[in-house]
Amino acid sequence: MRPRKHQELLTAAIERDGEGQQALLAGDRDGARSAFAAAADLYRQSWEDAPATAYGRLVGMLKSVVLSGGGVVKAARYVRAALGDRDPGSPTASYAQALAALIQGADEDAGLWAGRMGGGADAFGRTGEAIAALAANDDARYAVALAAIVRDFEQRTEHLTGVAIADTALVLNALAARRGVAAAIESPVLPAL
């Protein structure tokens with residue numbers, strides 16, 4: 001049985017993400033940015049072809065576009081328009097909304113959506129805490145939340161892309177840097193951007 005187009009696009013997006021992560025770990029920032037930009041485009045295409053609740057593709061798109069360094073605000077507008085107020089009980093939809101709002105500087109909305117992420121697995125709760133801390137301009141709280149995210153990635157034996165990298169922490173650090181916030185955490189799963 002042939003996979004549906006949206007599944008093929010998702011698989012390709014994850015592969016490009018993995019390529020970007022490997023390039024970043026190897027110190028090839030230009031190669032990483034290019035692969036992340038391609039991944040973001042593929043995540044968006046897969047979202048547009050997928051079932052209406054495939055919110056993880058929007059999260060993947062936002063994370064990849066942040067790591068690519070281009071088109072971030074446009075992608076955030078797209079996500080917020082695509083979701084509206086749809087499915088506020090979904091931790092994954094709330095994650096997409098929280099990231100998009102944080103990117104746009106809509107801190108009150110980012111905090112609201114981040115609070116709704118807690119209904120998911122522990123990873124959602126840790127990420128929601130970091131987003132809420134950034135939205136509240138609480139640097140110390142952010143550093144603690146980010147350290148918890150990095151520790152989680154260090155302990156994982158499996159990663160979506162097959163690459164041992166704390167991509168969530170990388171994305172949050174990139175967004176924190178835009179706000180003048182820096183959390184000094186060193187880890188083999190947290191390369192420099």
# chains A, B, ... in the order shown; residues from 1 in each chain; ligands from 1
>>> residues_around(residues="Val73 of chain A", least_positions_apart="5", cutoff="9 Å", atoms="only C-alpha atoms", output="VMD selection string")
chain A and resid 78 100 103 to 104
>>> closest_residue(among="A:Leu146, A:Leu193, A:Leu175, A:Leu170", to="Arg33 of chain A", atoms="only C-alpha atoms")
A:Leu193
>>> atom_distance(atom1="atom CA of Gly70 of chain A", atom2="atom CA of Val171 of chain A")
13.0 Å
>>> closest_atom_pairs(of="segment 91-140 of chain A", to="segment 153-157 of chain A", cutoff="12 Å", atoms="only C-alpha atoms", output="tab-separated table")
residue	atom	partner	partner_atom	distance
A:Ala123	CA	A:Phe153	CA	9.5
A:Arg126	CA	A:Phe153	CA	11.5
A:Thr127	CA	A:Phe153	CA	11.9
>>> write_last_selection(atoms="C-alpha atoms", output="mmCIF file, in the first residue's frame")
data_model
loop_
_atom_site.group_PDB
_atom_site.id
_atom_site.type_symbol
_atom_site.label_atom_id
_atom_site.label_comp_id
_atom_site.auth_asym_id
_atom_site.auth_seq_id
_atom_site.Cartn_x
_atom_site.Cartn_y
_atom_site.Cartn_z
ATOM 1 C CA ALA A 123 7.944 17.199 27.229
ATOM 2 C CA ARG A 126 8.629 21.499 30.067
ATOM 3 C CA THR A 127 8.410 23.297 26.740
#
>>> atom_distance(atom1="atom CA of Asp85 of chain A", atom2="atom CA of Val181 of chain A")
29.2 Å
>>> residues_around(residues="segment 89-97 of chain A", least_positions_apart="2", cutoff="8 Å", atoms="only C-alpha atoms", output="ChimeraX atom specification")
/A:55-56,58-59,62,79-80,83,86-87,99-101,110,113-114,116-120,124,128
>>> write_last_selection(atoms="C-alpha atoms", output="tab-separated table (two decimals), in the first residue's frame")
chain	number	residue	atom	x	y	z
A	55	TYR	CA	-0.83	19.86	14.32
A	56	GLY	CA	2.66	18.46	14.81
A	58	LEU	CA	2.85	23.09	12.14
A	59	VAL	CA	5.15	22.74	15.15
A	62	LEU	CA	7.85	26.64	12.97
A	79	VAL	CA	0.10	29.12	11.75
A	80	ARG	CA	-2.10	31.50	13.72
A	83	LEU	CA	-5.46	27.40	13.54
A	86	ARG	CA	-9.28	25.60	16.85
A	87	ASP	CA	-8.77	22.75	19.31
A	99	LEU	CA	5.42	29.28	19.41
A	100	ALA	CA	3.70	31.39	16.78
A	101	ALA	CA	2.54	33.95	19.35
A	110	ALA	CA	2.02	32.91	24.08
A	113	TRP	CA	-1.28	28.84	24.85
A	114	ALA	CA	1.81	27.65	26.74
A	116	ARG	CA	-2.61	24.81	27.67
A	117	MET	CA	0.35	22.65	26.65
A	118	GLY	CA	0.58	21.12	30.13
A	119	GLY	CA	-2.14	18.61	29.29
A	120	GLY	CA	0.32	16.72	27.13
A	124	PHE	CA	4.99	19.46	26.44
A	128	GLY	CA	5.29	25.16	27.80
>>> closest_residue(among="A:Leu25, A:Ala140, A:Thr161, A:Gly115", to="Ala13 of chain A", atoms="only C-alpha atoms")
A:Thr161
>>> residues_around(residues="Asp139 of chain A", least_positions_apart="3", cutoff="10 Å", atoms="only C-alpha atoms", output="compact mmCIF listing (two decimals) with C-alpha atoms, in the first residue's frame")
# COMPACT_ATOMS: atom_id res chain seq x y z
CA ALA A 130 10.01 27.65 28.88
CA ALA A 133 8.92 32.11 31.01
CA LEU A 134 10.06 33.83 27.82
CA ALA A 135 6.63 35.41 27.38
CA ALA A 136 6.81 36.71 30.97
CA TYR A 142 13.53 30.31 31.45
CA ALA A 143 17.03 29.05 32.31
CA VAL A 144 15.60 26.43 34.68
CA ALA A 145 12.99 25.30 32.12
CA ALA A 176 15.30 33.96 23.48
CA GLY A 180 18.25 39.54 24.56
CA VAL A 181 18.00 36.47 26.80
CA ALA A 182 20.77 33.89 27.06
CA ALA A 183 20.86 30.70 29.10
>>> closest_residue(among="A:Leu9, A:Ala177, A:Val65, A:Leu24", to="Ala37 of chain A", atoms="only C-alpha atoms")
A:Val65
>>> select_by_dssp(residues="segment 18-164 of chain A", states="alpha helix (DSSP H)", output="number ranges by chain")
A: 18-25, 29-49, 56-68, 72-83, 91-104, 107-116, 122-135, 139-155
>>> atom_distance(atom1="atom CA of Pro191 of chain A", atom2="atom CA of Ser64 of chain A")
15.3 Å
